[in-house]
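Engineer: Pasting entry_7.cif below, which is mmCIF, C-alpha atoms.
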data_work
#
loop_
_atom_site.label_atom_id
_atom_site.label_comp_id
_atom_site.auth_asym_id
_atom_site.auth_seq_id
_atom_site.Cartn_x
_atom_site.Cartn_y
_atom_site.Cartn_z
CA MET A 1 -10.26 -11.66 55.41
CA ALA A 2 -11.85 -8.22 55.31
CA GLY A 3 -8.47 -6.51 54.93
CA GLY A 4 -7.48 -8.79 52.11
CA TYR A 5 -10.75 -8.13 50.33
CA ARG A 6 -10.35 -4.36 50.52
CA ALA A 7 -6.79 -4.61 49.20
CA GLY A 8 -8.04 -6.71 46.30
CA ARG A 9 -10.69 -4.13 45.46
CA THR A 10 -8.10 -1.36 45.63
CA ARG A 11 -5.89 -3.16 43.15
CA VAL A 12 -8.80 -3.71 40.78
CA ARG A 13 -9.75 -0.06 40.91
CA TYR A 14 -6.17 1.00 40.25
CA ARG A 15 -5.85 -1.27 37.25
CA ARG A 16 -9.15 -0.08 35.84
CA GLY A 17 -8.04 3.51 36.34
CA VAL A 18 -4.83 2.87 34.42
CA ALA A 19 -6.77 1.18 31.63
CA LEU A 20 -9.25 4.04 31.42
CA ALA A 21 -6.45 6.64 31.43
CA ARG A 22 -4.67 4.88 28.58
CA THR A 23 -7.92 4.56 26.62
CA HIS A 24 -8.70 8.23 27.18
CA LYS A 25 -5.24 9.26 25.95
CA GLY A 26 -5.74 7.08 22.91
CA TRP A 27 -9.02 8.84 22.18
CA GLU A 28 -7.30 12.21 22.55
CA ASN A 29 -4.60 11.14 20.10
CA GLU A 30 -7.20 9.93 17.61
CA HIS A 31 -9.16 13.19 17.87
CA LEU A 32 -5.99 15.21 17.24
CA ALA A 33 -5.06 12.96 14.32
CA THR A 34 -8.59 13.26 12.93
CA TYR A 35 -8.38 17.04 13.00
CA LEU A 36 -4.95 17.16 11.35
CA LEU A 37 -5.95 14.70 8.63
CA SER A 38 -9.34 16.33 8.04
CA ARG A 39 -7.55 19.31 6.50
CA LEU A 40 -6.64 17.15 3.51
CA ALA A 41 -8.85 14.06 3.77
CA PHE A 42 -12.35 12.82 4.56
CA VAL A 43 -11.86 10.85 7.79
CA ALA A 44 -13.86 7.92 9.20
CA ALA A 45 -13.25 5.88 12.35
CA PRO A 46 -14.75 2.74 13.96
CA ILE A 47 -17.88 3.72 15.88
CA THR A 48 -16.83 2.11 19.18
CA VAL A 49 -13.83 0.40 20.69
CA ALA A 50 -15.63 -2.92 20.13
CA ASP A 51 -15.53 -2.24 16.38
CA ASP A 52 -11.72 -2.00 16.34
CA VAL A 53 -10.53 -3.70 13.16
CA GLY A 54 -6.82 -2.99 13.48
CA THR A 55 -6.84 0.50 11.99
CA ASP A 56 -7.80 3.67 13.84
CA LEU A 57 -8.75 5.88 10.90
CA PHE A 58 -9.80 5.38 7.30
CA CYS A 59 -9.23 8.42 5.10
CA THR A 60 -9.95 9.52 1.55
CA LEU A 61 -7.49 12.18 0.48
CA TYR A 62 -9.02 15.06 -1.44
CA ASP A 63 -7.84 17.88 -3.63
CA THR A 64 -9.46 21.31 -3.73
CA VAL A 65 -10.29 22.65 -7.20
CA GLU A 66 -12.25 25.68 -8.29
CA GLY A 67 -15.76 24.93 -9.52
CA LYS A 68 -18.50 27.14 -10.94
CA ARG A 69 -19.91 27.74 -7.46
CA GLY A 70 -16.64 27.89 -5.58
CA PRO A 71 -14.06 25.40 -4.28
CA VAL A 72 -14.90 21.71 -4.81
CA LEU A 73 -13.34 18.79 -2.90
CA VAL A 74 -12.30 16.03 -5.31
CA PRO A 75 -11.65 12.55 -3.77
CA LEU A 76 -8.26 10.94 -4.44
CA ASN A 77 -6.59 7.90 -2.81
CA SER A 78 -8.07 6.12 0.19
CA ILE A 79 -5.68 5.18 3.01
CA ALA A 80 -5.71 3.50 6.43
CA VAL A 81 -3.89 5.11 9.35
CA GLN A 82 -2.86 3.52 12.65
CA ILE A 83 -2.30 6.11 15.39
CA LYS A 84 0.59 5.79 17.86
CA SER A 85 2.09 8.05 20.51
CA SER A 86 5.76 7.11 20.00
CA ARG A 87 8.18 5.94 17.34
CA GLN A 88 8.79 2.59 19.00
CA ALA A 89 8.87 -0.42 16.70
CA ILE A 90 5.41 -1.94 16.18
CA ASP A 91 4.86 -5.70 16.37
CA VAL A 92 2.29 -6.50 13.67
CA SER A 93 2.79 -10.29 13.69
CA ALA A 94 -0.71 -10.89 15.07
CA LYS A 95 -2.24 -8.45 12.58
CA LEU A 96 -0.75 -9.82 9.36
CA GLY A 97 -3.97 -11.64 8.50
CA TYR A 98 -5.86 -8.35 8.70
CA LEU A 99 -3.15 -6.42 6.85
CA ALA A 100 -3.06 -9.05 4.10
CA ARG A 101 -6.74 -8.34 3.40
CA LEU A 102 -6.40 -4.57 3.59
CA GLU A 103 -6.65 -3.31 0.01
CA VAL A 104 -5.73 0.31 0.74
CA PRO A 105 -2.30 1.78 1.63
CA TYR A 106 -1.37 1.52 5.30
CA PHE A 107 0.26 4.36 7.23
CA VAL A 108 1.32 4.93 10.84
CA GLY A 109 0.70 8.34 12.38
CA VAL A 110 2.74 9.32 15.46
CA VAL A 111 0.93 12.03 17.40
CA SER A 112 2.42 14.56 19.81
CA GLN A 113 -0.16 16.30 21.96
CA SER A 114 2.43 18.72 23.36
CA THR A 115 3.25 20.12 19.92
CA LEU A 116 -0.11 19.38 18.21
CA THR A 117 1.68 17.54 15.40
CA MET A 118 1.65 14.15 13.69
CA ASP A 119 4.41 12.46 11.69
CA ILE A 120 3.11 10.03 9.06
CA PHE A 121 5.13 6.94 8.15
CA SER A 122 4.56 4.72 5.11
CA GLY A 123 3.78 1.01 5.33
CA ARG A 124 4.13 0.59 1.56
CA PHE A 125 6.49 -2.37 1.88
CA LEU A 126 3.97 -4.52 3.76
CA SER A 127 2.75 -6.02 0.46
CA ASN A 128 6.33 -6.98 -0.34
CA MET A 129 6.73 -8.65 3.05
CA LEU A 130 3.44 -10.53 2.79
CA SER A 131 4.42 -11.82 -0.66
CA LEU A 132 7.85 -12.80 0.58
CA ARG A 133 6.82 -14.75 3.69
CA GLY A 134 3.02 -14.71 4.02
CA GLU A 135 0.88 -14.16 7.09
CA ASP A 136 2.63 -16.64 9.41
CA SER A 137 5.68 -14.49 10.09
CA ARG A 138 7.16 -12.41 12.87
CA VAL A 139 7.21 -8.82 11.64
CA HIS A 140 7.97 -5.49 13.31
CA LEU A 141 7.55 -2.11 11.67
CA ASP A 142 10.47 0.27 12.18
CA LEU A 143 9.53 3.94 11.84
CA VAL A 144 12.52 5.66 10.22
CA ASP A 145 13.25 9.14 8.93
CA ARG A 146 14.57 7.78 5.63
CA LEU A 147 15.40 4.53 3.90
CA ASP A 148 19.00 3.38 4.01
CA GLY A 149 19.04 1.23 0.88
CA GLN A 150 17.06 -1.77 2.15
CA TRP A 151 13.39 -2.01 3.00
CA ARG A 152 13.76 -4.98 5.37
CA THR A 153 16.18 -6.71 7.70
CA GLY A 154 16.08 -10.07 9.49
CA ASN A 155 15.24 -13.65 8.59
CA ASP A 156 12.82 -16.45 9.45
CA GLU A 157 14.73 -17.37 12.60
CA ILE A 158 14.84 -13.97 14.31
CA GLY A 159 11.90 -12.35 12.53
CA PHE A 160 11.76 -9.45 10.08
CA ARG A 161 11.80 -5.70 10.46
CA VAL A 162 10.08 -3.71 7.74
CA MET A 163 11.17 -0.11 7.27
CA CYS A 164 8.41 2.54 7.30
CA PRO A 165 9.92 5.81 6.04
CA LEU A 166 8.63 9.23 7.07
CA VAL A 167 6.36 10.70 4.39
CA THR A 168 5.37 14.06 5.85
CA GLY A 169 4.38 15.81 9.04
CA LEU A 170 1.15 17.62 9.85
CA SER A 171 0.77 20.41 12.37
CA ALA A 172 -2.12 22.41 13.78
CA ALA A 173 -0.01 25.44 12.85
CA ASP A 174 0.14 24.50 9.15
CA ARG A 175 -1.03 27.29 6.87
CA ARG A 176 -3.53 26.39 4.18
CA GLU A 177 -0.92 27.06 1.51
CA ASP A 178 1.35 24.44 3.16
CA LEU A 179 -1.17 21.63 2.67
CA PRO A 180 -1.02 20.95 -1.11
CA ALA A 181 2.65 19.90 -0.95
CA LYS A 182 1.97 17.57 2.00
CA LEU A 183 -1.09 16.17 0.25
CA GLU A 184 0.99 15.40 -2.84
CA LEU A 185 3.58 13.54 -0.73
CA LEU A 186 0.85 11.36 0.79
CA ARG A 187 -0.88 10.84 -2.54
CA ALA A 188 2.34 9.85 -4.31
CA ASP A 189 3.31 7.39 -1.57
CA ALA A 190 -0.18 5.88 -1.57
CA ALA A 191 0.07 5.40 -5.34
CA VAL A 192 3.32 3.43 -4.91
CA ALA A 193 1.73 1.35 -2.16
CA LEU A 194 -1.26 0.58 -4.40
CA LYS A 195 1.11 -0.79 -7.06
CA GLY A 196 2.50 -3.20 -4.48
CA ILE A 197 -0.97 -4.23 -3.31
CA SER A 198 -2.02 -4.79 -6.92
CA SER A 199 1.08 -6.89 -7.67
CA ARG A 200 0.41 -9.12 -4.67
CA LEU A 201 -3.31 -9.53 -5.36
CA ASN A 202 -2.64 -10.21 -9.06
CA MET A 203 0.10 -12.69 -8.09
CA GLU A 204 2.75 -10.98 -10.21
CA PHE A 205 5.36 -10.81 -7.43
CA ILE A 206 7.30 -7.90 -8.93
CA PHE A 207 7.76 -4.97 -6.56
CA ASP A 208 9.30 -1.51 -6.55
CA VAL A 209 12.04 -1.27 -3.91
CA PRO A 210 14.65 1.42 -3.12
CA THR A 211 17.23 -0.33 -5.32
CA GLY A 212 14.90 -0.77 -8.32
CA LEU A 213 12.80 -3.91 -8.76
CA GLU A 214 12.65 -7.04 -6.63
CA ILE A 215 11.16 -10.28 -7.95
CA PHE A 216 10.01 -13.04 -5.59
CA THR A 217 10.04 -16.66 -6.67
CA GLY A 218 8.57 -19.69 -4.97
CA PRO A 219 5.57 -22.05 -4.95
CA ALA A 220 2.96 -19.37 -5.70
CA SER A 221 5.02 -17.60 -8.35
CA ALA A 222 5.93 -20.89 -10.03
CA GLN A 223 2.24 -21.57 -10.62
CA VAL A 224 1.46 -18.28 -12.37
CA PHE A 225 4.62 -16.95 -14.04
CA HIS A 226 3.87 -18.58 -17.40
CA SER A 227 0.29 -17.32 -17.61
CA ASN A 228 1.51 -13.86 -16.57
CA PHE A 229 4.09 -13.97 -19.37
CA VAL A 230 1.48 -14.98 -21.96
CA LYS A 231 -0.70 -12.05 -20.92
CA ARG A 232 2.22 -9.67 -21.42
CA VAL A 233 2.91 -11.13 -24.87
CA ALA A 234 -0.73 -10.53 -25.82
CA GLU A 235 -0.45 -6.98 -24.50
CA ALA A 236 2.69 -6.41 -26.58
CA LEU A 237 1.08 -7.80 -29.73
CA HIS A 238 -1.94 -5.52 -29.33
CA ASN A 239 0.26 -2.48 -28.75
CA LEU A 240 2.43 -3.26 -31.76
CA ALA A 241 -0.71 -3.65 -33.88
CA TRP A 242 -2.03 -0.33 -32.56
CA LEU A 243 1.22 1.42 -33.51
CA VAL A 244 1.28 -0.11 -36.99
CA GLU A 245 -2.41 0.71 -37.59
CA ARG A 246 -1.66 4.37 -36.94
CA GLY A 247 1.34 4.53 -39.23
CA ASN A 248 4.02 4.69 -36.55
CA ALA A 249 7.49 3.54 -37.53
CA VAL A 250 8.00 0.21 -35.75
CA PRO A 251 11.29 -1.62 -36.43
CA GLY A 252 10.73 -4.81 -38.39
CA ALA A 253 13.15 -6.66 -36.12
CA LEU A 254 10.95 -5.86 -33.12
CA LEU A 255 7.84 -7.09 -34.90
CA ASP A 256 9.63 -10.27 -35.97
CA MET A 257 10.83 -10.95 -32.44
CA TYR A 258 7.33 -10.82 -30.92
CA MET A 259 5.88 -12.83 -33.78
CA ALA A 260 8.55 -15.48 -33.13
CA VAL A 261 7.70 -15.50 -29.42
CA TYR A 262 4.06 -16.08 -30.30
CA GLU A 263 4.95 -18.92 -32.68
CA GLN A 264 7.01 -20.62 -29.94
CA LEU A 265 4.11 -20.32 -27.51
CA ALA A 266 1.69 -21.66 -30.11
CA GLN A 267 3.83 -24.77 -30.49
CA LEU A 268 3.21 -25.54 -26.81
CA GLY A 269 -0.52 -25.52 -27.51
CA GLY A 270 -3.39 -24.45 -25.31
CA LEU A 271 -3.24 -20.72 -26.06
CA ASP A 272 -6.27 -18.74 -24.94
CA ARG A 273 -8.32 -16.96 -27.55
CA TYR A 274 -7.22 -13.50 -26.38
CA VAL A 275 -3.62 -14.29 -27.37
CA VAL A 276 -4.62 -15.67 -30.77
CA GLU A 277 -6.73 -12.58 -31.47
CA ALA A 278 -3.81 -10.30 -30.57
CA HIS A 279 -1.60 -12.18 -33.03
CA GLU A 280 -4.25 -12.04 -35.76
CA ARG A 281 -4.63 -8.30 -35.27
CA LEU A 282 -0.88 -7.72 -35.67
CA VAL A 283 -0.71 -9.96 -38.78
CA ALA A 284 -3.58 -8.01 -40.34
CA ALA A 285 -1.99 -4.66 -39.48
CA ARG A 286 1.36 -5.66 -41.00
CA SER A 287 -0.26 -6.95 -44.16
CA ARG A 288 -2.12 -3.67 -44.68
CA ARG A 289 1.05 -1.67 -44.09
CA ASP A 290 3.14 -3.80 -46.43
#
In structure tokens, how does this file's structure come out?
Structural biologist:
Amino acid sequence: MAGGYRAGRTRVRYRRGVALARTHKGWENEHLATYLLSRLAFVAAPITVADDVGTDLFCTLYDTVEGKRGPVLVPLNSIAVQIKSSRQAIDVSAKLGYLARLEVPYFVGVVSQSTLTMDIFSGRFLSNMLSLRGEDSRVHLDLVDRLDGQWRTGNDEIGFRVMCPLVTGLSAADRREDLPAKLELLRADAAVALKGISSRLNMEFIFDVPTGLEIFTGPASAQVFHSNFVKRVAEALHNLAWLVERGNAVPGALLDMYMAVYEQLAQLGGLDRYVVEAHERLVAARSRRD
């Protein structure tokens, strides 16, 4: 009995040691990532392991501009970064609920302690995936050097793989003059990701993809496509009125087309006041011009 007990304690200690070693390495990776990112972003992290929310670091990118009293740091995009130690595919199936509620661009940073570097991969297509199949899906993130035409592979039966292309790399050896170009790559990618997040949250279901635009249809889209269209018609009417009011040459055929679209919508009834006001503005602008 005594021998068995000691063996049991030995196994427990070994397992705890492994767990602590892995945790310590994770902390080291996060500290290195924090340093590399801090050269072009304000960086925040969960206070303790117990506060882990699915993202290791939250960052606000900043630009450096000259002010009256010297250089000033100007905040830009905010991003979330998950830190990894390898380029292995990442199973995010259990985290899709969290990612669906994340309203900032998501990136994966792969850290190398031996070279003091971090490669940053973009999760900008997560919004597309969440709109396509929702939170109850099997999804892996593939970290790739570049996109090869498609942003996803797979199906409902075998699960999906979402491509996360390399955006830029950071190194402890980077010179200060190297940073603006890397900052711009991150900022530009974050801006594209924000468009996707906005489309999903606004239920517009139109996304930028490597081949152009991709439009998702289905139960959710079928409920909102008409109201989205009416909003765009109102936007067009206001813009046409604005152009006419300022004396810009607007083809009469274009004006007639949008007026006809409005008349067709009006026949369906139930138009909101904002659409009627847009139409009235354009009618008034045309009458003053004519």
Engineer: Written as a list of chain:residue names, what is the full residue list that the PyMOL selection byres ((chain A and resi 273-280) around 7) yields on the file shown?
Structural biologist: A:Ala234, A:Leu237, A:His238, A:Leu271, A:Asp272, A:Arg281, A:Leu282, A:Val283, A:Ala284
Engineer: Closest to Arg101 in chain A among A:Leu179, A:Leu170, A:Ile215, A:Arg200, using only C-alpha atoms?
Structural biologist: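 Smallest distance to Arg101 in chain A is found for A:Arg200.
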Engineer: Per residue of range 114-225 of chain A within 10 Å of range 32-37 of chain A, record the nearest atom pair and its distance in Å to one decimal, counting only C-alpha atoms, with rows in chain order and ascending residue number, as JSON lines.
Structural biologist:
{"residue": "A:Leu116", "atom": "CA", "partner": "A:Leu32", "partner_atom": "CA", "distance": 7.3}
{"residue": "A:Thr117", "atom": "CA", "partner": "A:Leu36", "partner_atom": "CA", "distance": 7.8}
{"residue": "A:Met118", "atom": "CA", "partner": "A:Ala33", "partner_atom": "CA", "distance": 6.8}
{"residue": "A:Asp119", "atom": "CA", "partner": "A:Ala33", "partner_atom": "CA", "distance": 9.8}
{"residue": "A:Gly169", "atom": "CA", "partner": "A:Leu36", "partner_atom": "CA", "distance": 9.7}
{"residue": "A:Leu170", "atom": "CA", "partner": "A:Leu36", "partner_atom": "CA", "distance": 6.3}
{"residue": "A:Ser171", "atom": "CA", "partner": "A:Leu36", "partner_atom": "CA", "distance": 6.7}
{"residue": "A:Ala172", "atom": "CA", "partner": "A:Leu36", "partner_atom": "CA", "distance": 6.4}
{"residue": "A:Ala173", "atom": "CA", "partner": "A:Leu36", "partner_atom": "CA", "distance": 9.8}
{"residue": "A:Asp174", "atom": "CA", "partner": "A:Leu36", "partner_atom": "CA", "distance": 9.2}
{"residue": "A:Leu183", "atom": "CA", "partner": "A:Leu37", "partner_atom": "CA", "distance": 9.8}
Engineer: Selected by the PyMOL selection byres ((chain A and resi 88) around 8) in the shown coordinates: which residues, as a ChimeraX atom specification?
Structural biologist: /A:86-87,89-90,142-143
Engineer: So how many Å separate CA of Ser112 in chain A and CA of Arg187 in chain A, to one decimal?
Structural biologist: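 The value is 22.9 Å.
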Engineer: Between CA of Ala100 in chain A and CA of Leu130 in chain A, what is the spacing in Å?
Structural biologist: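 Pair CA of Leu130 in chain A / CA of Ala100 in chain A returns 6.8 Å.
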Engineer: Hey, can you check how far CA of Gly123 in chain A sits from CA of Val108 in chain A?
Structural biologist: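 The value is 7.2 Å.
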